Amino acid sequence: MSQLGALTRALAGQRVLLVTDPGLVAAGHAGRIRAILLEAGLEVVLFDQVRENPTTGCVDRCLEVARDGRVDLVIGLGGGSAMDTAKGCNLLLTNGGRIQDYWGVGKATRPMLPFIAIPTTAGTGSECQSSALIADEQTHQKMACLDPKAAARVALLDPALTISQPSAVTAHTGIDALTHSVETAVTKKRNPLSRMFSHEAFRLLVPALPRVLENPGDLEARGQMLLGAAYAGLAIENSMLGAAHAAANPLTAHFNIVHGEAVGIMLPAVVRFNAQDPASRLAYAELASTPEIACVSEGIEYAVEALCARLEALLNLAGIARSLANLGADPNLVPTLAEEAARQWTANFNPRTVGAPDFSGLYERAFERRGDGDAGNGSPGAV
Ligand SMILES: [Zn+2]
């Protein structure tokens, strides 16, 4: 963090817009960042009203502060919502118009202000992505605005910033990052570059997650989580996501299940579904061999079962519900959920084609009680 002043200067920043949320102000993190910037002789304009799942209205309020402050560099401090708000504000500040104009890919025509991302959770990987997810204030439609110009020039990963978060946040964001590393490893768009990031993310996250859950002050493991989440973000940037994310969104919309829990609860069923495709089965087996959960030479089926067992063990360790039934989800809504999941953008990138009937099957699996898994020695265990 001590490098922040020099990094900001190197990007020719003088008047910095610091985008964050009230919780991070209360925790003292925003004040510390502000002090570092002031110490470096920079001016700081603060926007501390970031809300979860930011809307066009949130971005407009941030934009007003940015305009009044005549800022020339943007810093996002927080989780995915702070990054999304900062990117959305930067888009409008430099390119004009409204967020709806940037819904889609590469809609910005003019250069944007340099952006520094400082994540305080190890989860979304938004600090390494060029997309901003903003909801329409009126219609509640979530708009993904992807533009390479929106990506951070610098992602500053400081594990000390992640220590103060509540344990449920550590668990849910950690499972989200883990799910990103698994889903990106098999998507239709996977390629050698995304594979490298997926594998490295998985290798870091699998051993680090139990450590941060057991000992939240373990700074080394926190660092591994943060780096793993960032690499998983780079994997998404290069290969998109799959059916676990497509199935999770309707669960969040209907039953208010938090994102990390929703993707986690769907993941084992999705892995088993995709593993019926030989190329995906091999990709999962290779992923499992990265942190030595199993070795491909022991047999591909064995490796995939060992992977599923370890995922289930990690989900249980993180306190993710064993069944959708435990989260108040209504089984009668499965056909509706399945229709909605099939229409999600991320469903297109799943390695196996997934239609509504497939999603129905995946939800039904997630209503069954999950096994105990095996957190230990790499044998497949009960699955
Ligand atoms: Zn996610």
# chains A, B, ... in the order shown; residues from 1 in each chain; ligands from 1
>>> closest_atom_pairs(of="chain A", to="ligand 1", cutoff="10 Å", atoms="only C-alpha atoms and all ligand atoms", output="JSON lines")
{"residue": "A:Gly80", "atom": "CA", "partner": "ligand 1", "partner_atom_place_in_ligand_line": "1 (Zn)", "distance": 9.9}
{"residue": "A:Gly123", "atom": "CA", "partner": "ligand 1", "partner_atom_place_in_ligand_line": "1 (Zn)", "distance": 7.4}
{"residue": "A:Thr124", "atom": "CA", "partner": "ligand 1", "partner_atom_place_in_ligand_line": "1 (Zn)", "distance": 5.8}
{"residue": "A:Gly125", "atom": "CA", "partner": "ligand 1", "partner_atom_place_in_ligand_line": "1 (Zn)", "distance": 8.6}
{"residue": "A:Ser126", "atom": "CA", "partner": "ligand 1", "partner_atom_place_in_ligand_line": "1 (Zn)", "distance": 9.8}
{"residue": "A:His172", "atom": "CA", "partner": "ligand 1", "partner_atom_place_in_ligand_line": "1 (Zn)", "distance": 9.8}
{"residue": "A:Thr173", "atom": "CA", "partner": "ligand 1", "partner_atom_place_in_ligand_line": "1 (Zn)", "distance": 8.2}
{"residue": "A:Gly174", "atom": "CA", "partner": "ligand 1", "partner_atom_place_in_ligand_line": "1 (Zn)", "distance": 9.9}
{"residue": "A:Ile175", "atom": "CA", "partner": "ligand 1", "partner_atom_place_in_ligand_line": "1 (Zn)", "distance": 8.6}
{"residue": "A:Asp176", "atom": "CA", "partner": "ligand 1", "partner_atom_place_in_ligand_line": "1 (Zn)", "distance": 4.9}
{"residue": "A:Ala177", "atom": "CA", "partner": "ligand 1", "partner_atom_place_in_ligand_line": "1 (Zn)", "distance": 6.7}
{"residue": "A:Leu178", "atom": "CA", "partner": "ligand 1", "partner_atom_place_in_ligand_line": "1 (Zn)", "distance": 8.9}
{"residue": "A:Thr179", "atom": "CA", "partner": "ligand 1", "partner_atom_place_in_ligand_line": "1 (Zn)", "distance": 7.0}
{"residue": "A:His180", "atom": "CA", "partner": "ligand 1", "partner_atom_place_in_ligand_line": "1 (Zn)", "distance": 6.1}
{"residue": "A:Ser181", "atom": "CA", "partner": "ligand 1", "partner_atom_place_in_ligand_line": "1 (Zn)", "distance": 9.8}
{"residue": "A:Glu183", "atom": "CA", "partner": "ligand 1", "partner_atom_place_in_ligand_line": "1 (Zn)", "distance": 9.6}
{"residue": "A:Ala232", "atom": "CA", "partner": "ligand 1", "partner_atom_place_in_ligand_line": "1 (Zn)", "distance": 9.8}
{"residue": "A:Gly233", "atom": "CA", "partner": "ligand 1", "partner_atom_place_in_ligand_line": "1 (Zn)", "distance": 9.3}
{"residue": "A:Ile236", "atom": "CA", "partner": "ligand 1", "partner_atom_place_in_ligand_line": "1 (Zn)", "distance": 9.5}
{"residue": "A:Leu241", "atom": "CA", "partner": "ligand 1", "partner_atom_place_in_ligand_line": "1 (Zn)", "distance": 8.3}
{"residue": "A:Ala244", "atom": "CA", "partner": "ligand 1", "partner_atom_place_in_ligand_line": "1 (Zn)", "distance": 8.9}
{"residue": "A:His245", "atom": "CA", "partner": "ligand 1", "partner_atom_place_in_ligand_line": "1 (Zn)", "distance": 6.4}
{"residue": "A:Ala246", "atom": "CA", "partner": "ligand 1", "partner_atom_place_in_ligand_line": "1 (Zn)", "distance": 9.8}
{"residue": "A:Ala248", "atom": "CA", "partner": "ligand 1", "partner_atom_place_in_ligand_line": "1 (Zn)", "distance": 8.8}
{"residue": "A:Asn249", "atom": "CA", "partner": "ligand 1", "partner_atom_place_in_ligand_line": "1 (Zn)", "distance": 9.6}
{"residue": "A:His259", "atom": "CA", "partner": "ligand 1", "partner_atom_place_in_ligand_line": "1 (Zn)", "distance": 6.6}
{"residue": "A:Gly260", "atom": "CA", "partner": "ligand 1", "partner_atom_place_in_ligand_line": "1 (Zn)", "distance": 6.5}
{"residue": "A:Glu261", "atom": "CA", "partner": "ligand 1", "partner_atom_place_in_ligand_line": "1 (Zn)", "distance": 9.8}
{"residue": "A:Ala262", "atom": "CA", "partner": "ligand 1", "partner_atom_place_in_ligand_line": "1 (Zn)", "distance": 9.1}
{"residue": "A:Val263", "atom": "CA", "partner": "ligand 1", "partner_atom_place_in_ligand_line": "1 (Zn)", "distance": 6.8}
{"residue": "A:Gly264", "atom": "CA", "partner": "ligand 1", "partner_atom_place_in_ligand_line": "1 (Zn)", "distance": 9.2}
>>> residues_around(residues="Val206 in chain A", least_positions_apart="6", cutoff="12 Å", atoms="only C-alpha atoms", output="PDB file with N, CA, C and O atoms, in the first residue's frame")
ATOM      1  N   GLY A 174     -14.955 -16.317  -0.959  1.00  0.00           N
ATOM      2  CA  GLY A 174     -13.958 -17.350  -1.251  1.00  0.00           C
ATOM      3  C   GLY A 174     -14.533 -18.448  -2.133  1.00  0.00           C
ATOM      4  O   GLY A 174     -13.890 -18.908  -3.081  1.00  0.00           O
ATOM      5  N   ILE A 175     -15.762 -18.865  -1.828  1.00  0.00           N
ATOM      6  CA  ILE A 175     -16.418 -19.897  -2.644  1.00  0.00           C
ATOM      7  C   ILE A 175     -16.709 -19.349  -4.053  1.00  0.00           C
ATOM      8  O   ILE A 175     -16.588 -20.060  -5.051  1.00  0.00           O
ATOM      9  N   ALA A 177     -14.861 -17.139  -5.688  1.00  0.00           N
ATOM     10  CA  ALA A 177     -13.582 -17.175  -6.412  1.00  0.00           C
ATOM     11  C   ALA A 177     -13.241 -18.607  -6.838  1.00  0.00           C
ATOM     12  O   ALA A 177     -12.804 -18.854  -7.972  1.00  0.00           O
ATOM     13  N   LEU A 178     -13.462 -19.560  -5.916  1.00  0.00           N
ATOM     14  CA  LEU A 178     -13.198 -20.971  -6.220  1.00  0.00           C
ATOM     15  C   LEU A 178     -14.060 -21.429  -7.410  1.00  0.00           C
ATOM     16  O   LEU A 178     -13.577 -22.106  -8.330  1.00  0.00           O
ATOM     17  N   THR A 179     -15.326 -21.036  -7.386  1.00  0.00           N
ATOM     18  CA  THR A 179     -16.238 -21.407  -8.476  1.00  0.00           C
ATOM     19  C   THR A 179     -15.777 -20.783  -9.797  1.00  0.00           C
ATOM     20  O   THR A 179     -15.855 -21.421 -10.851  1.00  0.00           O
ATOM     21  N   SER A 181     -12.718 -20.246 -10.665  1.00  0.00           N
ATOM     22  CA  SER A 181     -11.566 -21.006 -11.170  1.00  0.00           C
ATOM     23  C   SER A 181     -12.023 -22.327 -11.789  1.00  0.00           C
ATOM     24  O   SER A 181     -11.444 -22.794 -12.774  1.00  0.00           O
ATOM     25  N   VAL A 182     -13.083 -22.937 -11.238  1.00  0.00           N
ATOM     26  CA  VAL A 182     -13.565 -24.231 -11.764  1.00  0.00           C
ATOM     27  C   VAL A 182     -14.354 -24.026 -13.065  1.00  0.00           C
ATOM     28  O   VAL A 182     -14.140 -24.749 -14.047  1.00  0.00           O
ATOM     29  N   SER A 198      -6.891 -20.102 -14.628  1.00  0.00           N
ATOM     30  CA  SER A 198      -7.804 -20.972 -13.865  1.00  0.00           C
ATOM     31  C   SER A 198      -7.011 -21.907 -12.959  1.00  0.00           C
ATOM     32  O   SER A 198      -7.325 -22.071 -11.786  1.00  0.00           O
ATOM     33  N   HIS A 199      -5.992 -22.524 -13.541  1.00  0.00           N
ATOM     34  CA  HIS A 199      -5.224 -23.518 -12.794  1.00  0.00           C
ATOM     35  C   HIS A 199      -4.454 -22.882 -11.642  1.00  0.00           C
ATOM     36  O   HIS A 199      -4.422 -23.414 -10.538  1.00  0.00           O
ATOM     37  N   GLU A 200      -3.829 -21.737 -11.917  1.00  0.00           N
ATOM     38  CA  GLU A 200      -3.050 -21.083 -10.858  1.00  0.00           C
ATOM     39  C   GLU A 200      -3.984 -20.592  -9.749  1.00  0.00           C
ATOM     40  O   GLU A 200      -3.660 -20.692  -8.561  1.00  0.00           O
ATOM     41  N   VAL A 212      -7.995 -19.558   5.841  1.00  0.00           N
ATOM     42  CA  VAL A 212      -8.600 -18.271   6.235  1.00  0.00           C
ATOM     43  C   VAL A 212      -9.907 -18.481   6.992  1.00  0.00           C
ATOM     44  O   VAL A 212     -10.284 -17.649   7.818  1.00  0.00           O
ATOM     45  N   LEU A 213     -10.586 -19.609   6.719  1.00  0.00           N
ATOM     46  CA  LEU A 213     -11.821 -19.882   7.453  1.00  0.00           C
ATOM     47  C   LEU A 213     -11.510 -20.219   8.911  1.00  0.00           C
ATOM     48  O   LEU A 213     -12.211 -19.823   9.828  1.00  0.00           O
ATOM     49  N   ALA A 221      -2.192 -16.713   3.996  1.00  0.00           N
ATOM     50  CA  ALA A 221      -3.324 -17.350   3.313  1.00  0.00           C
ATOM     51  C   ALA A 221      -4.263 -16.300   2.713  1.00  0.00           C
ATOM     52  O   ALA A 221      -4.804 -16.501   1.625  1.00  0.00           O
ATOM     53  N   GLN A 224      -2.826 -15.338  -0.513  1.00  0.00           N
ATOM     54  CA  GLN A 224      -3.073 -16.370  -1.535  1.00  0.00           C
ATOM     55  C   GLN A 224      -4.507 -16.290  -2.055  1.00  0.00           C
ATOM     56  O   GLN A 224      -4.759 -16.456  -3.251  1.00  0.00           O
ATOM     57  N   MET A 225      -5.456 -16.037  -1.148  1.00  0.00           N
ATOM     58  CA  MET A 225      -6.860 -15.901  -1.559  1.00  0.00           C
ATOM     59  C   MET A 225      -7.022 -14.713  -2.513  1.00  0.00           C
ATOM     60  O   MET A 225      -7.697 -14.806  -3.540  1.00  0.00           O
ATOM     61  N   GLY A 228      -5.381 -15.506  -5.785  1.00  0.00           N
ATOM     62  CA  GLY A 228      -6.188 -16.526  -6.468  1.00  0.00           C
ATOM     63  C   GLY A 228      -7.449 -15.925  -7.070  1.00  0.00           C
ATOM     64  O   GLY A 228      -7.805 -16.218  -8.213  1.00  0.00           O
ATOM     65  N   ALA A 229      -8.119 -15.057  -6.296  1.00  0.00           N
ATOM     66  CA  ALA A 229      -9.349 -14.415  -6.798  1.00  0.00           C
ATOM     67  C   ALA A 229      -9.036 -13.519  -7.991  1.00  0.00           C
ATOM     68  O   ALA A 229      -9.809 -13.459  -8.954  1.00  0.00           O
ATOM     69  N   LEU A 287      -7.443 -30.015 -13.904  1.00  0.00           N
ATOM     70  CA  LEU A 287      -7.588 -28.999 -12.845  1.00  0.00           C
ATOM     71  C   LEU A 287      -7.332 -29.634 -11.477  1.00  0.00           C
ATOM     72  O   LEU A 287      -6.631 -29.062 -10.638  1.00  0.00           O
ATOM     73  N   ALA A 288      -7.893 -30.829 -11.266  1.00  0.00           N
ATOM     74  CA  ALA A 288      -7.749 -31.515  -9.975  1.00  0.00           C
ATOM     75  C   ALA A 288      -6.289 -31.832  -9.674  1.00  0.00           C
ATOM     76  O   ALA A 288      -5.886 -31.902  -8.514  1.00  0.00           O
ATOM     77  N   SER A 289      -5.502 -32.029 -10.715  1.00  0.00           N
ATOM     78  CA  SER A 289      -4.099 -32.393 -10.482  1.00  0.00           C
ATOM     79  C   SER A 289      -3.247 -31.169 -10.160  1.00  0.00           C
ATOM     80  O   SER A 289      -2.108 -31.309  -9.705  1.00  0.00           O
ATOM     81  N   THR A 290      -3.803 -29.975 -10.349  1.00  0.00           N
ATOM     82  CA  THR A 290      -3.007 -28.764 -10.097  1.00  0.00           C
ATOM     83  C   THR A 290      -2.643 -28.619  -8.619  1.00  0.00           C
ATOM     84  O   THR A 290      -1.487 -28.433  -8.288  1.00  0.00           O
ATOM     85  N   PRO A 291      -3.616 -28.707  -7.691  1.00  0.00           N
ATOM     86  CA  PRO A 291      -3.222 -28.711  -6.272  1.00  0.00           C
ATOM     87  C   PRO A 291      -3.069 -30.137  -5.739  1.00  0.00           C
ATOM     88  O   PRO A 291      -3.174 -30.368  -4.544  1.00  0.00           O
ATOM     89  N   GLU A 292      -2.870 -31.082  -6.628  1.00  0.00           N
ATOM     90  CA  GLU A 292      -2.638 -32.487  -6.262  1.00  0.00           C
ATOM     91  C   GLU A 292      -3.785 -33.098  -5.462  1.00  0.00           C
ATOM     92  O   GLU A 292      -3.575 -33.838  -4.500  1.00  0.00           O
ATOM     93  N   ILE A 293      -5.009 -32.755  -5.851  1.00  0.00           N
ATOM     94  CA  ILE A 293      -6.177 -33.446  -5.290  1.00  0.00           C
ATOM     95  C   ILE A 293      -6.169 -34.882  -5.810  1.00  0.00           C
ATOM     96  O   ILE A 293      -6.481 -35.829  -5.115  1.00  0.00           O
ATOM     97  N   LEU A 307     -12.151 -34.512  -7.380  1.00  0.00           N
ATOM     98  CA  LEU A 307     -12.414 -33.067  -7.470  1.00  0.00           C
ATOM     99  C   LEU A 307     -13.771 -32.739  -6.844  1.00  0.00           C
ATOM    100  O   LEU A 307     -13.878 -31.821  -6.018  1.00  0.00           O
ATOM    101  N   ARG A 310     -13.630 -32.978  -3.092  1.00  0.00           N
ATOM    102  CA  ARG A 310     -12.950 -31.848  -2.458  1.00  0.00           C
ATOM    103  C   ARG A 310     -13.811 -30.592  -2.503  1.00  0.00           C
ATOM    104  O   ARG A 310     -13.876 -29.837  -1.537  1.00  0.00           O
ATOM    105  N   LEU A 311     -14.497 -30.368  -3.623  1.00  0.00           N
ATOM    106  CA  LEU A 311     -15.377 -29.197  -3.712  1.00  0.00           C
ATOM    107  C   LEU A 311     -16.462 -29.271  -2.644  1.00  0.00           C
ATOM    108  O   LEU A 311     -16.746 -28.285  -1.958  1.00  0.00           O
ATOM    109  N   GLU A 312     -17.047 -30.460  -2.477  1.00  0.00           N
ATOM    110  CA  GLU A 312     -18.098 -30.624  -1.468  1.00  0.00           C
ATOM    111  C   GLU A 312     -17.553 -30.376  -0.064  1.00  0.00           C
ATOM    112  O   GLU A 312     -18.198 -29.719   0.761  1.00  0.00           O
ATOM    113  N   ALA A 313     -16.341 -30.854   0.184  1.00  0.00           N
ATOM    114  CA  ALA A 313     -15.726 -30.645   1.503  1.00  0.00           C
ATOM    115  C   ALA A 313     -15.499 -29.150   1.749  1.00  0.00           C
ATOM    116  O   ALA A 313     -15.749 -28.645   2.847  1.00  0.00           O
ATOM    117  N   LEU A 314     -15.031 -28.441   0.726  1.00  0.00           N
ATOM    118  CA  LEU A 314     -14.770 -27.005   0.882  1.00  0.00           C
ATOM    119  C   LEU A 314     -16.077 -26.231   1.075  1.00  0.00           C
ATOM    120  O   LEU A 314     -16.140 -25.300   1.875  1.00  0.00           O
ATOM    121  N   LEU A 315     -17.115 -26.639   0.354  1.00  0.00           N
ATOM    122  CA  LEU A 315     -18.430 -25.989   0.517  1.00  0.00           C
ATOM    123  C   LEU A 315     -18.939 -26.189   1.935  1.00  0.00           C
ATOM    124  O   LEU A 315     -19.458 -25.261   2.569  1.00  0.00           O
ATOM    125  N   LEU A 317     -17.139 -26.818   4.612  1.00  0.00           N
ATOM    126  CA  LEU A 317     -16.267 -26.058   5.506  1.00  0.00           C
ATOM    127  C   LEU A 317     -16.660 -24.576   5.536  1.00  0.00           C
ATOM    128  O   LEU A 317     -16.591 -23.910   6.566  1.00  0.00           O
ATOM    129  N   ALA A 318     -17.073 -24.082   4.380  1.00  0.00           N
ATOM    130  CA  ALA A 318     -17.457 -22.658   4.266  1.00  0.00           C
ATOM    131  C   ALA A 318     -18.885 -22.408   4.757  1.00  0.00           C
ATOM    132  O   ALA A 318     -19.361 -21.273   4.714  1.00  0.00           O
ATOM    133  N   ALA A 375     -11.909 -33.566   2.648  1.00  0.00           N
ATOM    134  CA  ALA A 375     -11.008 -32.415   2.654  1.00  0.00           C
ATOM    135  C   ALA A 375      -9.549 -32.831   2.754  1.00  0.00           C
ATOM    136  O   ALA A 375      -8.665 -32.012   2.665  1.00  0.00           O
ATOM    137  N   GLY A 376      -9.320 -34.124   2.899  1.00  0.00           N
ATOM    138  CA  GLY A 376      -7.980 -34.546   3.315  1.00  0.00           C
ATOM    139  C   GLY A 376      -7.024 -35.010   2.252  1.00  0.00           C
ATOM    140  O   GLY A 376      -6.397 -34.212   1.582  1.00  0.00           O
TER     141      GLY A 376
END
>>> select_by_dssp(residues="range 160-336 of chain A", states="alpha helix (DSSP H)", output="VMD selection string")
chain A and resid 167 to 184 192 to 214 219 to 239 243 to 255 259 to 274 278 to 289 300 to 317 334 to 336
>>> residues_around(residues="range 21-35 of chain A", least_positions_apart="5", cutoff="7 Å", atoms="only C-alpha atoms", output="PyMOL selection string")
chain A and resi 44+48-51
>>> closest_residue(among="A:Lys189, A:Arg272, A:Arg352, A:Arg322", to="Glu368 in chain A", atoms="only C-alpha atoms")
A:Arg322
>>> select_by_dssp(residues="range 119-214 of chain A", states="strand (DSSP E or B)", output="count of residues only")
13
